[in-house]
file target.tsv (TSV, C-alpha atoms)
chain	number	residue	atom	x	y	z
A	174	MET	CA	79.59	-288.06	-38.98
A	175	ILE	CA	77.89	-286.62	-35.91
A	176	GLU	CA	78.24	-290.01	-34.24
A	177	ASP	CA	82.04	-289.61	-34.29
A	178	HIS	CA	81.73	-286.94	-31.61
A	179	ILE	CA	79.38	-288.75	-29.26
A	180	ILE	CA	80.57	-290.46	-26.10
A	181	ASN	CA	80.16	-294.22	-25.99
A	182	ASN	CA	76.95	-295.04	-24.14
A	183	GLU	CA	77.60	-298.74	-23.59
A	184	ALA	CA	80.16	-298.20	-20.84
A	185	ASN	CA	81.60	-295.23	-19.04
A	186	GLU	CA	84.69	-294.14	-20.93
A	187	LYS	CA	87.85	-293.55	-18.91
A	188	THR	CA	88.59	-289.89	-19.43
A	189	VAL	CA	91.25	-287.26	-18.81
A	190	LEU	CA	90.38	-283.56	-18.37
A	191	ILE	CA	92.70	-280.77	-19.56
A	192	GLY	CA	92.73	-277.12	-18.44
A	193	LEU	CA	94.96	-274.12	-19.01
A	194	ALA	CA	95.99	-271.44	-16.49
A	195	THR	CA	96.74	-268.16	-18.28
A	196	LYS	CA	97.22	-264.50	-17.44
A	197	VAL	CA	93.44	-263.98	-17.44
A	198	GLN	CA	92.53	-267.32	-15.83
A	199	ASN	CA	94.45	-268.34	-12.71
A	200	GLU	CA	94.87	-271.91	-11.49
A	201	SER	CA	92.10	-271.60	-8.89
A	202	LYS	CA	89.63	-270.53	-11.58
A	203	VAL	CA	90.80	-273.33	-13.88
A	204	ASN	CA	90.08	-275.89	-11.15
A	205	GLU	CA	86.57	-274.45	-10.72
A	206	TYR	CA	85.98	-274.82	-14.46
A	207	LEU	CA	87.37	-278.36	-14.39
A	208	ASP	CA	84.97	-279.22	-11.56
A	209	GLU	CA	82.14	-278.21	-13.88
A	210	LEU	CA	83.74	-280.04	-16.81
A	211	ASP	CA	83.94	-283.13	-14.59
A	212	PHE	CA	80.18	-282.86	-13.92
A	213	LEU	CA	79.52	-282.38	-17.63
A	214	ALA	CA	81.63	-285.42	-18.50
A	215	ARG	CA	79.85	-287.62	-15.96
A	216	THR	CA	76.49	-286.37	-17.21
A	217	ALA	CA	77.54	-287.48	-20.71
A	218	GLY	CA	78.54	-290.92	-19.43
A	219	ALA	CA	82.31	-290.51	-19.13
A	220	GLU	CA	84.43	-291.42	-16.12
A	221	PRO	CA	87.10	-288.75	-15.42
A	222	GLU	CA	90.27	-290.37	-14.06
A	223	LYS	CA	92.75	-287.48	-13.90
A	224	ARG	CA	93.18	-283.78	-14.56
A	225	PHE	CA	96.08	-281.99	-16.17
A	226	VAL	CA	96.55	-278.23	-15.76
A	227	GLN	CA	99.32	-276.29	-17.46
A	228	LYS	CA	100.39	-272.68	-16.94
A	229	LEU	CA	100.87	-270.83	-20.23
A	230	ASP	CA	100.49	-267.20	-21.26
A	231	TYR	CA	98.17	-268.32	-24.05
A	232	PRO	CA	97.10	-271.64	-25.63
A	233	ASN	CA	99.60	-273.31	-27.94
A	234	PRO	CA	98.19	-272.70	-31.46
A	235	ARG	CA	99.20	-276.23	-32.53
A	236	THR	CA	98.36	-278.44	-29.54
A	237	TYR	CA	96.69	-276.15	-26.94
A	238	VAL	CA	99.20	-277.33	-24.28
A	239	GLY	CA	102.98	-277.42	-24.64
A	240	THR	CA	104.81	-280.35	-26.19
A	241	GLY	CA	106.18	-281.50	-22.83
A	242	LYS	CA	102.74	-281.53	-21.20
A	243	LEU	CA	101.26	-283.28	-24.24
A	244	GLU	CA	103.88	-286.01	-23.91
A	245	GLU	CA	103.02	-286.34	-20.20
A	246	ILE	CA	99.36	-286.71	-21.11
A	247	ARG	CA	100.19	-289.26	-23.83
A	248	GLN	CA	102.16	-291.36	-21.37
A	249	TYR	CA	99.29	-291.38	-18.88
A	250	VAL	CA	96.76	-292.19	-21.62
A	251	ASP	CA	98.84	-295.14	-22.83
A	252	ASP	CA	99.56	-296.49	-19.34
A	253	ASN	CA	95.98	-296.31	-18.08
A	254	GLY	CA	93.84	-297.30	-21.06
A	255	ILE	CA	92.25	-293.86	-21.46
A	256	GLY	CA	89.90	-293.65	-24.42
A	257	LEU	CA	88.84	-290.00	-24.29
A	258	VAL	CA	90.52	-286.66	-23.55
A	259	ILE	CA	88.36	-283.58	-22.94
A	260	PHE	CA	89.65	-280.00	-23.10
A	261	ASP	CA	87.91	-277.25	-21.13
A	262	ASP	CA	88.13	-274.69	-23.96
A	263	ASP	CA	87.14	-274.79	-27.59
A	264	LEU	CA	89.79	-276.25	-29.90
A	265	SER	CA	90.43	-275.31	-33.50
A	266	PRO	CA	90.18	-278.09	-36.13
A	267	LYS	CA	93.96	-277.88	-36.51
A	268	GLN	CA	94.53	-278.33	-32.77
A	269	VAL	CA	92.18	-281.33	-32.61
A	270	ALA	CA	93.93	-282.99	-35.57
A	271	ASN	CA	97.39	-282.45	-34.06
A	272	ILE	CA	96.36	-283.66	-30.61
A	273	GLU	CA	94.63	-286.76	-32.00
A	274	ARG	CA	97.75	-287.54	-34.00
A	275	GLU	CA	99.84	-287.48	-30.82
A	276	LEU	CA	97.46	-289.13	-28.33
A	277	LYS	CA	95.68	-291.51	-30.73
A	278	VAL	CA	92.42	-291.33	-28.74
A	279	LYS	CA	89.15	-289.46	-29.17
A	280	ILE	CA	89.39	-285.72	-28.43
A	281	LEU	CA	86.50	-283.50	-27.34
A	282	ASP	CA	86.40	-279.85	-26.38
A	283	ARG	CA	83.89	-278.15	-24.11
A	284	THR	CA	81.46	-277.31	-26.92
A	285	SER	CA	81.43	-280.80	-28.43
A	286	LEU	CA	80.84	-282.27	-24.94
A	287	ILE	CA	77.87	-280.00	-24.33
A	288	LEU	CA	76.51	-280.82	-27.78
A	289	ASP	CA	76.77	-284.51	-26.91
A	290	ILE	CA	74.74	-283.98	-23.74
A	291	PHE	CA	72.16	-281.92	-25.61
A	292	ALA	CA	71.83	-284.65	-28.25
A	293	LYS	CA	71.02	-287.17	-25.52
A	294	ARG	CA	68.61	-284.86	-23.66
A	295	ALA	CA	66.60	-283.63	-26.65
A	296	GLN	CA	63.15	-285.22	-26.49
A	297	THR	CA	60.82	-283.17	-28.67
A	298	ALA	CA	61.08	-282.46	-32.38
A	299	THR	CA	61.87	-278.82	-31.57
A	300	ALA	CA	64.79	-279.66	-29.28
A	301	ARG	CA	66.15	-282.28	-31.67
A	302	THR	CA	66.06	-279.80	-34.55
A	303	GLN	CA	67.82	-277.15	-32.47
A	304	VAL	CA	70.54	-279.57	-31.37
A	305	GLU	CA	71.03	-281.02	-34.86
A	306	LEU	CA	71.53	-277.55	-36.29
A	307	ALA	CA	74.10	-276.72	-33.62
A	308	GLN	CA	75.93	-279.99	-34.29
A	309	TYR	CA	76.19	-279.43	-38.03
A	310	GLN	CA	77.34	-275.84	-37.54
A	311	TYR	CA	80.04	-277.10	-35.19
A	312	LEU	CA	81.16	-279.95	-37.47
A	313	LEU	CA	81.25	-278.04	-40.77
A	314	PRO	CA	84.72	-276.49	-40.33
A	315	ARG	CA	86.01	-279.81	-38.95
A	316	LEU	CA	85.25	-281.98	-41.97
A	317	THR	CA	88.88	-282.30	-43.09
A	318	ARG	CA	90.12	-284.13	-40.01
A	319	MET	CA	87.18	-286.54	-40.18
A	320	TRP	CA	88.60	-287.96	-43.43
A	321	THR	CA	91.76	-289.51	-42.00
A	322	HIS	CA	92.48	-291.44	-45.21
A	323	LEU	CA	93.50	-288.12	-46.76
A	324	GLU	CA	96.73	-288.30	-44.79
A	325	ARG	CA	97.80	-291.14	-47.08
A	326	GLN	CA	97.26	-289.04	-50.21
A	327	ARG	CA	100.35	-286.97	-50.82
A	328	GLY	CA	101.34	-285.05	-53.87
A	329	GLY	CA	102.32	-281.72	-55.30
A	330	ILE	CA	100.47	-279.12	-57.30
A	331	GLY	CA	97.33	-280.44	-58.94
A	332	MET	CA	96.84	-283.35	-56.53
A	333	ARG	CA	93.10	-283.91	-56.25
A	334	GLY	CA	92.06	-287.30	-54.89
A	335	PRO	CA	88.65	-288.85	-54.28
A	336	GLY	CA	88.85	-287.99	-50.59
A	337	GLU	CA	88.97	-284.28	-51.30
A	338	THR	CA	86.03	-284.65	-53.66
A	339	GLN	CA	84.15	-286.48	-50.90
A	340	ILE	CA	84.84	-283.63	-48.46
A	341	GLU	CA	83.35	-281.15	-50.91
A	342	THR	CA	80.34	-283.42	-51.34
A	343	ASP	CA	79.89	-283.70	-47.58
A	344	ARG	CA	80.25	-279.95	-47.21
A	345	ARG	CA	77.44	-279.36	-49.68
A	346	ILE	CA	75.27	-281.96	-47.96
A	347	ILE	CA	75.85	-280.36	-44.55
A	348	LEU	CA	75.24	-276.85	-45.87
A	349	ASP	CA	71.97	-278.07	-47.39
A	350	LYS	CA	71.00	-279.65	-44.07
A	351	ILE	CA	71.88	-276.48	-42.16
A	352	SER	CA	69.73	-274.46	-44.56
A	353	ARG	CA	66.83	-276.92	-44.17
A	354	LEU	CA	67.13	-276.98	-40.37
A	355	LYS	CA	67.15	-273.19	-40.23
A	356	GLU	CA	63.95	-273.13	-42.26
A	357	ASP	CA	62.45	-275.74	-39.94
A	358	LEU	CA	63.36	-273.60	-36.93
A	359	LYS	CA	61.84	-270.52	-38.55
A	360	SER	CA	58.62	-272.50	-38.94
A	361	ILE	CA	58.86	-273.62	-35.31
A	362	ASP	CA	59.47	-270.03	-34.20
A	363	ARG	CA	56.34	-268.92	-36.06
A	364	GLN	CA	54.30	-271.67	-34.42
A	365	LYS	CA	55.68	-270.78	-31.00
A	366	SER	CA	54.91	-267.12	-31.60
A	367	ILE	CA	51.31	-267.98	-32.50
A	368	GLN	CA	51.05	-270.15	-29.40
A	369	ARG	CA	52.28	-267.29	-27.22
A	370	LYS	CA	49.74	-264.93	-28.79
A	371	ASN	CA	46.96	-267.47	-28.26
A	372	ARG	CA	47.73	-267.53	-24.55
A	373	GLY	CA	46.10	-264.13	-24.35
A	374	LYS	CA	47.26	-261.46	-21.97
A	375	LEU	CA	47.93	-263.71	-19.01
A	376	THR	CA	50.99	-262.73	-17.00
A	377	ARG	CA	54.03	-264.78	-18.03
A	378	VAL	CA	56.62	-265.92	-15.51
A	379	ALA	CA	59.85	-267.59	-16.67
A	380	LEU	CA	62.15	-269.67	-14.50
A	381	VAL	CA	65.76	-268.88	-15.39
A	382	GLY	CA	69.07	-269.82	-13.86
A	383	TYR	CA	72.25	-271.80	-14.15
A	384	THR	CA	71.91	-275.43	-15.13
A	385	ASN	CA	71.12	-277.91	-12.32
A	386	VAL	CA	69.88	-275.32	-9.79
A	387	GLY	CA	66.47	-276.95	-9.36
A	388	LYS	CA	64.25	-275.06	-11.83
A	389	SER	CA	62.34	-278.16	-12.95
A	390	THR	CA	61.78	-279.29	-9.35
A	391	LEU	CA	60.39	-275.85	-8.52
A	392	MET	CA	58.28	-275.95	-11.70
A	393	ASN	CA	56.73	-279.24	-10.59
A	394	LEU	CA	56.03	-277.87	-7.14
A	395	LEU	CA	54.36	-274.63	-8.25
A	396	SER	CA	52.40	-276.06	-11.18
A	397	LYS	CA	51.69	-279.52	-9.69
A	398	SER	CA	53.01	-281.02	-12.91
A	399	ASP	CA	55.54	-283.73	-13.68
A	400	VAL	CA	58.42	-282.10	-15.56
A	401	PHE	CA	61.50	-284.33	-15.75
A	402	ALA	CA	64.02	-283.37	-13.05
A	403	GLU	CA	67.38	-284.99	-12.30
A	404	ASN	CA	70.62	-284.08	-10.53
A	405	LYS	CA	72.50	-283.72	-13.80
A	406	LEU	CA	73.44	-280.80	-16.01
A	407	PHE	CA	70.85	-279.93	-18.67
A	408	ALA	CA	68.32	-282.48	-17.40
A	409	THR	CA	65.69	-280.73	-19.52
A	410	LEU	CA	66.08	-278.88	-22.81
A	411	ASP	CA	62.49	-278.28	-23.87
A	412	THR	CA	60.63	-275.22	-22.67
A	413	THR	CA	57.62	-276.32	-20.64
A	414	VAL	CA	54.72	-273.95	-20.02
A	415	ARG	CA	52.08	-274.57	-17.35
A	416	LYS	CA	49.15	-272.55	-16.05
A	417	VAL	CA	49.49	-271.77	-12.35
A	418	ILE	CA	46.83	-270.32	-10.06
A	419	ILE	CA	47.71	-268.68	-6.74
A	420	ASP	CA	44.81	-267.26	-4.72
A	421	ASN	CA	42.54	-267.20	-7.79
A	422	LEU	CA	45.16	-265.33	-9.83
A	423	PRO	CA	46.18	-267.26	-12.97
A	424	PHE	CA	49.51	-266.86	-14.74
A	425	LEU	CA	51.72	-268.87	-17.10
A	426	LEU	CA	54.93	-270.39	-15.75
A	427	SER	CA	57.67	-271.57	-18.13
A	428	ASP	CA	60.75	-273.68	-17.37
A	429	THR	CA	63.67	-272.87	-19.67
A	430	VAL	CA	67.02	-274.45	-20.52
A	431	GLY	CA	69.75	-273.73	-17.97
A	432	PHE	CA	72.62	-271.39	-18.69
A	433	ILE	CA	76.29	-272.27	-18.29
A	434	ARG	CA	79.71	-270.64	-18.40
A	435	LYS	CA	81.31	-270.55	-21.84
A	436	LEU	CA	77.93	-271.18	-23.49
A	437	PRO	CA	78.63	-272.25	-27.10
A	438	THR	CA	77.56	-269.71	-29.71
A	439	HIS	CA	76.00	-272.47	-31.82
A	440	LEU	CA	73.60	-273.30	-29.00
A	441	VAL	CA	72.63	-269.68	-28.41
A	442	ASP	CA	71.75	-269.28	-32.08
A	443	SER	CA	69.88	-272.59	-32.26
A	444	PHE	CA	67.81	-272.13	-29.11
A	445	LYS	CA	66.19	-268.87	-30.20
A	446	SER	CA	62.65	-270.15	-29.65
A	447	THR	CA	63.56	-271.20	-26.11
A	448	LEU	CA	65.13	-267.83	-25.33
A	449	ASP	CA	62.05	-266.07	-26.75
A	450	GLU	CA	60.13	-267.40	-23.74
A	451	VAL	CA	62.53	-265.42	-21.57
A	452	ARG	CA	62.40	-262.33	-23.78
A	453	GLU	CA	58.60	-262.22	-23.72
A	454	ALA	CA	58.19	-263.02	-20.03
A	455	ASP	CA	56.74	-260.37	-17.71
A	456	ILE	CA	58.53	-261.66	-14.61
A	457	LEU	CA	61.75	-263.62	-14.26
A	458	VAL	CA	62.34	-266.00	-11.37
A	459	HIS	CA	66.11	-266.38	-11.13
A	460	VAL	CA	66.75	-269.67	-9.32
A	461	VAL	CA	70.15	-270.02	-7.62
A	462	ASP	CA	71.73	-273.10	-6.03
A	463	VAL	CA	72.86	-271.53	-2.76
A	464	SER	CA	74.72	-274.71	-1.80
A	465	HIS	CA	77.06	-274.44	-4.78
A	466	PRO	CA	80.55	-273.14	-3.90
A	467	GLN	CA	80.55	-270.76	-6.88
A	468	PHE	CA	76.93	-269.62	-6.79
A	469	GLU	CA	77.96	-265.94	-6.85
A	470	GLU	CA	79.70	-266.43	-10.19
A	471	GLN	CA	76.74	-268.42	-11.49
A	472	ILE	CA	74.50	-265.43	-10.71
A	473	GLU	CA	76.84	-263.22	-12.73
A	474	VAL	CA	76.83	-265.67	-15.66
A	475	VAL	CA	73.02	-265.77	-15.75
A	476	ASN	CA	72.68	-261.99	-15.45
A	477	LYS	CA	75.22	-261.50	-18.23
A	478	THR	CA	73.41	-264.00	-20.46
A	479	LEU	CA	70.06	-262.35	-19.75
A	480	SER	CA	71.51	-258.99	-20.69
A	481	GLU	CA	73.62	-259.88	-23.74
A	482	VAL	CA	71.71	-262.79	-25.26
A	483	CYS	CA	68.11	-262.42	-24.14
A	484	GLY	CA	67.89	-258.64	-23.75
A	485	ALA	CA	65.91	-259.25	-20.57
A	486	ALA	CA	68.09	-257.73	-17.87
A	487	ASP	CA	65.57	-254.98	-16.99
A	488	LYS	CA	62.59	-257.24	-16.40
A	489	PRO	CA	61.09	-257.56	-12.89
A	490	MET	CA	62.94	-260.36	-11.13
A	491	ILE	CA	62.62	-262.49	-8.02
A	492	LEU	CA	65.88	-263.97	-6.81
A	493	VAL	CA	65.26	-267.44	-5.38
A	494	PHE	CA	68.07	-269.05	-3.40
A	495	ASN	CA	67.22	-272.74	-3.64
A	496	LYS	CA	68.62	-275.87	-1.95
A	497	ILE	CA	68.98	-274.36	1.52
A	498	ASP	CA	68.56	-277.92	2.80
A	499	ALA	CA	71.89	-278.75	1.14
A	500	PHE	CA	73.67	-275.79	2.74
A	501	THR	CA	75.47	-277.35	5.69
A	502	TYR	CA	77.12	-275.54	8.57
A	503	THR	CA	79.57	-277.30	10.83
A	504	PRO	CA	80.32	-275.07	13.85
A	505	LYS	CA	83.96	-274.69	14.76
A	506	ASP	CA	85.36	-274.57	18.26
A	507	PRO	CA	83.42	-271.94	20.31
A	508	ASP	CA	86.71	-270.24	21.12
A	509	ASP	CA	87.75	-270.12	17.46
A	510	LEU	CA	88.05	-266.46	16.44
A	511	THR	CA	88.58	-267.22	12.76
A	512	PRO	CA	86.86	-264.52	10.64
A	513	LYS	CA	83.56	-265.51	9.08
A	514	THR	CA	83.81	-266.74	5.50
A	515	ARG	CA	81.46	-268.21	2.88
A	516	GLU	CA	82.35	-271.68	4.23
A	517	ASN	CA	81.71	-271.18	7.93
A	518	ILE	CA	78.72	-268.86	8.16
A	519	SER	CA	75.42	-270.20	9.52
A	520	LEU	CA	72.24	-270.13	7.45
A	521	ASP	CA	70.60	-267.57	9.76
A	522	GLU	CA	73.62	-265.32	9.35
A	523	PHE	CA	73.61	-266.05	5.63
A	524	ARG	CA	70.09	-264.59	5.41
A	525	GLN	CA	71.42	-261.30	6.76
A	526	THR	CA	73.98	-260.89	3.99
A	527	TRP	CA	73.73	-258.61	0.95
A	528	MET	CA	71.86	-261.33	-0.98
A	529	ALA	CA	68.88	-261.16	1.35
A	530	LYS	CA	68.53	-257.43	0.67
A	531	MET	CA	68.59	-257.45	-3.14
A	532	ASN	CA	65.73	-255.14	-4.19
A	533	ASN	CA	63.52	-256.70	-1.53
A	534	ASN	CA	62.85	-259.50	-4.01
A	535	CYS	CA	64.89	-262.28	-2.51
A	536	VAL	CA	63.74	-265.51	-0.87
A	537	PHE	CA	65.49	-268.61	0.51
A	538	ILE	CA	63.75	-271.93	-0.19
A	539	SER	CA	64.16	-275.64	-0.70
A	540	ALA	CA	62.01	-276.89	-3.58
A	541	LYS	CA	62.95	-280.48	-2.78
A	542	GLU	CA	61.95	-280.25	0.90
A	543	LYS	CA	59.16	-277.67	0.29
A	544	ILE	CA	60.69	-275.18	2.70
A	545	ASN	CA	59.49	-271.54	2.63
A	546	ILE	CA	57.48	-272.11	-0.57
A	547	GLU	CA	54.53	-270.10	0.71
A	548	THR	CA	56.72	-267.00	0.96
A	549	LEU	CA	57.74	-267.45	-2.67
A	550	LYS	CA	54.11	-267.89	-3.71
A	551	GLU	CA	53.19	-264.66	-1.94
A	552	MET	CA	55.94	-262.80	-3.79
A	553	LEU	CA	54.83	-264.30	-7.11
A	554	TYR	CA	51.24	-263.36	-6.37
A	555	GLU	CA	52.11	-259.73	-5.63
A	556	LYS	CA	54.28	-259.38	-8.73
A	557	ALA	CA	51.75	-261.07	-11.01
A	558	LYS	CA	48.93	-259.06	-9.48
A	559	GLU	CA	50.65	-255.77	-10.36
A	560	ILE	CA	50.92	-256.73	-14.01
A	561	HIS	CA	47.46	-258.31	-14.12
A	562	THR	CA	45.73	-255.20	-12.75
A	563	GLU	CA	47.54	-253.01	-15.29
A	564	ARG	CA	46.15	-255.15	-18.12
A	565	PHE	CA	42.74	-255.74	-16.59
A	566	PRO	CA	41.94	-252.63	-14.49
A	567	TYR	CA	38.35	-253.71	-13.97
A	568	ASN	CA	39.62	-256.73	-12.02
A	569	ASP	CA	41.32	-254.51	-9.45
A	570	PHE	CA	38.02	-254.24	-7.56
A	571	LEU	CA	37.84	-258.05	-7.33
A	572	PHE	CA	41.36	-258.25	-5.96
A	573	GLN	CA	40.46	-255.70	-3.29
A	574	LYS	CA	37.44	-257.79	-2.31
A	575	TYR	CA	39.57	-260.96	-2.14
A	576	ASP	CA	42.06	-259.16	0.08
A	577	GLU	CA	39.28	-257.95	2.39
A	578	LEU	CA	37.92	-261.49	2.67
A	579	ASP	CA	41.38	-262.82	3.53
A	580	GLN	CA	41.64	-260.29	6.34
call {"tool": "encode", "arguments": {"input": "target.tsv", "output": "structure tokens"}}
result
Amino acid sequence: MIEDHIINNEANEKTVLIGLATKVQNESKVNEYLDELDFLARTAGAEPEKRFVQKLDYPNPRTYVGTGKLEEIRQYVDDNGIGLVIFDDDLSPKQVANIERELKVKILDRTSLILDIFAKRAQTATARTQVELAQYQYLLPRLTRMWTHLERQRGGIGMRGPGETQIETDRRIILDKISRLKEDLKSIDRQKSIQRKNRGKLTRVALVGYTNVGKSTLMNLLSKSDVFAENKLFATLDTTVRKVIIDNLPFLLSDTVGFIRKLPTHLVDSFKSTLDEVREADILVHVVDVSHPQFEEQIEVVNKTLSEVCGAADKPMILVFNKIDAFTYTPKDPDDLTPKTRENISLDEFRQTWMAKMNNNCVFISAKEKINIETLKEMLYEKAKEIHTERFPYNDFLFQKYDELDQ
């Protein structure tokens, strides 16, 4: 049954993206979200062909969009051989069933798309278990529409066909699997907890940030390891921990799964062991893609997730603006008196903005081009040293001697 929700891997599926502009989400914001949905779709192997945006006060409870817009979408789907339609918000089982009945193609919402990507990216047994649990939790309330032959069984009071019996059987099977997977994750959590305790009292540093901001690339650079990195959303799901030594000071560096807007609840619940790495970290390194047009909002999303989901908002943090090599500045006419904006400010001027003054713990780098990495290492060293000397006061004398030798 899970396979019914996975995008065809053999060839890129022609896809249409659907968004809704409401009172709380204007058209400009919808287009930003659809840009991200486009990236998600391409990461999953789909090929977005067109976007449809409708203005409504609230989603249609039956079909998400209005009947007129749905007919417009159906016409485009039929005329252009579209095999998949993706909605930017979560759909109810009823909405999915009604939309599929009208469009007669596969329908995905944002959560099912992200689950599909996670299913492809999961490499270890831990990640696969986490993703499988999230998938079953998502599919459980959607069992009815997966048995399309039920539509042919009509009757009045007392009608009880084999299809309905099969749904109940499947529901019990899935509930049993969910229960088993939860037990497996509890066991994994216990093992992870033991592993963290066995690491001793070494300072722990966790890389956090929005998905695709370059955390894995930075991890490879600092730890001299070979963590998988790719210019796609959720390139890595598994938490990787490496020992890093800077100026004879050892600490543990972990790379965690990236955050995203509208993060599905099922994934938050399933990835508890991954988020525990963030909760138990001593220092957070918040990596930001400064070249992204909406990086300010991405910062807010990560900070909100750290606060509400991880309970880690008060931890010491270094804000790392990555990908400065991708931040391009095309000067306008020298006589142009147009006010400075986010799009036409130079990088040197950018460094003088409010971001460069955030708690004196801000640095601009390029992990890919290895620009300004030494400055980041110095900041990490100072932060880790503070925590290390608190735990091992007798080592403070050694640090003083190292500093004297450096001078």
call {"tool": "residues_around", "arguments": {"input": "target.tsv", "residues": "Ile347 of chain A", "least_positions_apart": "6", "cutoff": "9 Å", "atoms": "all atoms listed in the file", "output": "list in words"}}
result
Tyr309, Gln310, Leu312 and Leu313 of chain A
call {"tool": "atom_distance", "arguments": {"input": "target.tsv", "atom1": "atom CA of His465 of chain A", "atom2": "atom CA of Leu257 of chain A"}}
result
27.6 Å
call {"tool": "closest_residue", "arguments": {"input": "target.tsv", "among": "A:Asp262, A:Asp230, A:Glu470, A:Glu555", "to": "Asn199 of chain A", "atoms": "only C-alpha atoms"}}
result
A:Asp230
call {"tool": "closest_residue", "arguments": {"input": "target.tsv", "among": "A:Met552, A:Val304, A:Ile560, A:Leu457", "to": "Phe291 of chain A", "atoms": "all atoms listed in the file"}}
result
A:Val304
call {"tool": "atom_distance", "arguments": {"input": "target.tsv", "atom1": "atom CA of Glu244 of chain A", "atom2": "atom CA of Arg434 of chain A"}}
result
29.2 Å
call {"tool": "axis_aligned_box", "arguments": {"input": "target.tsv", "around": "segment 210-220 of chain A", "padding_each_side": "8 Å", "output": "JSON"}}
result
{"center_x": 80.5, "center_y": -285.7, "center_z": -17.3, "size_x": 23.9, "size_y": 27.4, "size_z": 22.8}
call {"tool": "atom_distance", "arguments": {"input": "target.tsv", "atom1": "atom CA of Ser389 of chain A", "atom2": "atom CA of Lys550 of chain A"}}
result
16.1 Å
call {"tool": "closest_residue", "arguments": {"input": "target.tsv", "among": "A:Glu356, A:Glu453, A:Glu273, A:Asp487", "to": "Ile246 of chain A", "atoms": "all atoms listed in the file"}}
result
A:Glu273
call {"tool": "residues_near_point", "arguments": {"input": "target.tsv", "point": "(96.0, -278.6, -17.3)", "cutoff": "7 Å", "atoms": "only C-alpha atoms", "output": "PDB file with C-alpha atoms, in the frame of the given file"}}
result
ATOM      1  CA  ILE A 191      92.700-280.770 -19.560  1.00  0.00           C
ATOM      2  CA  GLY A 192      92.730-277.120 -18.440  1.00  0.00           C
ATOM      3  CA  LEU A 193      94.960-274.120 -19.010  1.00  0.00           C
ATOM      4  CA  ARG A 224      93.180-283.780 -14.560  1.00  0.00           C
ATOM      5  CA  PHE A 225      96.080-281.990 -16.170  1.00  0.00           C
ATOM      6  CA  VAL A 226      96.550-278.230 -15.760  1.00  0.00           C
ATOM      7  CA  GLN A 227      99.320-276.290 -17.460  1.00  0.00           C
TER       8      GLN A 227
END
call {"tool": "closest_residue", "arguments": {"input": "target.tsv", "among": "A:Val414, A:Leu243, A:Leu264, A:Val536", "to": "Lys496 of chain A", "atoms": "only C-alpha atoms"}}
result
A:Val536
call {"tool": "closest_residue", "arguments": {"input": "target.tsv", "among": "A:His561, A:His459, A:Lys435, A:Lys202", "to": "Lys388 of chain A", "atoms": "all atoms listed in the file"}}
result
A:His459
call {"tool": "closest_residue", "arguments": {"input": "target.tsv", "among": "A:Thr342, A:Glu559, A:Val441, A:Ile544", "to": "Pro489 of chain A", "atoms": "all atoms listed in the file"}}
result
A:Glu559
call {"tool": "residues_around", "arguments": {"input": "target.tsv", "residues": "Glu305 of chain A", "least_positions_apart": "3", "cutoff": "9 Å", "atoms": "only C-alpha atoms", "output": "PyMOL selection string"}}
result
chain A and resi 175+288+292+300-302+308-310+351+354+443
call {"tool": "residues_around", "arguments": {"input": "target.tsv", "residues": "Val451 of chain A", "least_positions_apart": "5", "cutoff": "9 Å", "atoms": "all atoms listed in the file", "output": "list in words"}}
result
Val378, Ala379, Leu380, Val381, Ser427, Thr429, Ile456, Leu457, Leu479, Cys483, Gly484 and Ala485 of chain A
call {"tool": "residues_around", "arguments": {"input": "target.tsv", "residues": "Val269 of chain A", "least_positions_apart": "3", "cutoff": "9 Å", "atoms": "only C-alpha atoms", "output": "VMD selection string"}}
result
chain A and resid 235 to 237 264 to 266 272 to 274 280 to 282 315 318
call {"tool": "write_last_selection", "arguments": {"input": "target.tsv", "atoms": "C-alpha atoms", "output": "mmCIF file, in the coordinates of the input"}}
result
data_model
loop_
_atom_site.group_PDB
_atom_site.id
_atom_site.type_symbol
_atom_site.label_atom_id
_atom_site.label_comp_id
_atom_site.auth_asym_id
_atom_site.auth_seq_id
_atom_site.Cartn_x
_atom_site.Cartn_y
_atom_site.Cartn_z
ATOM 1 C CA ARG A 235 99.200 -276.230 -32.530
ATOM 2 C CA THR A 236 98.360 -278.440 -29.540
ATOM 3 C CA TYR A 237 96.690 -276.150 -26.940
ATOM 4 C CA LEU A 264 89.790 -276.250 -29.900
ATOM 5 C CA SER A 265 90.430 -275.310 -33.500
ATOM 6 C CA PRO A 266 90.180 -278.090 -36.130
ATOM 7 C CA ILE A 272 96.360 -283.660 -30.610
ATOM 8 C CA GLU A 273 94.630 -286.760 -32.000
ATOM 9 C CA ARG A 274 97.750 -287.540 -34.000
ATOM 10 C CA ILE A 280 89.390 -285.720 -28.430
ATOM 11 C CA LEU A 281 86.500 -283.500 -27.340
ATOM 12 C CA ASP A 282 86.400 -279.850 -26.380
ATOM 13 C CA ARG A 315 86.010 -279.810 -38.950
ATOM 14 C CA ARG A 318 90.120 -284.130 -40.010
#
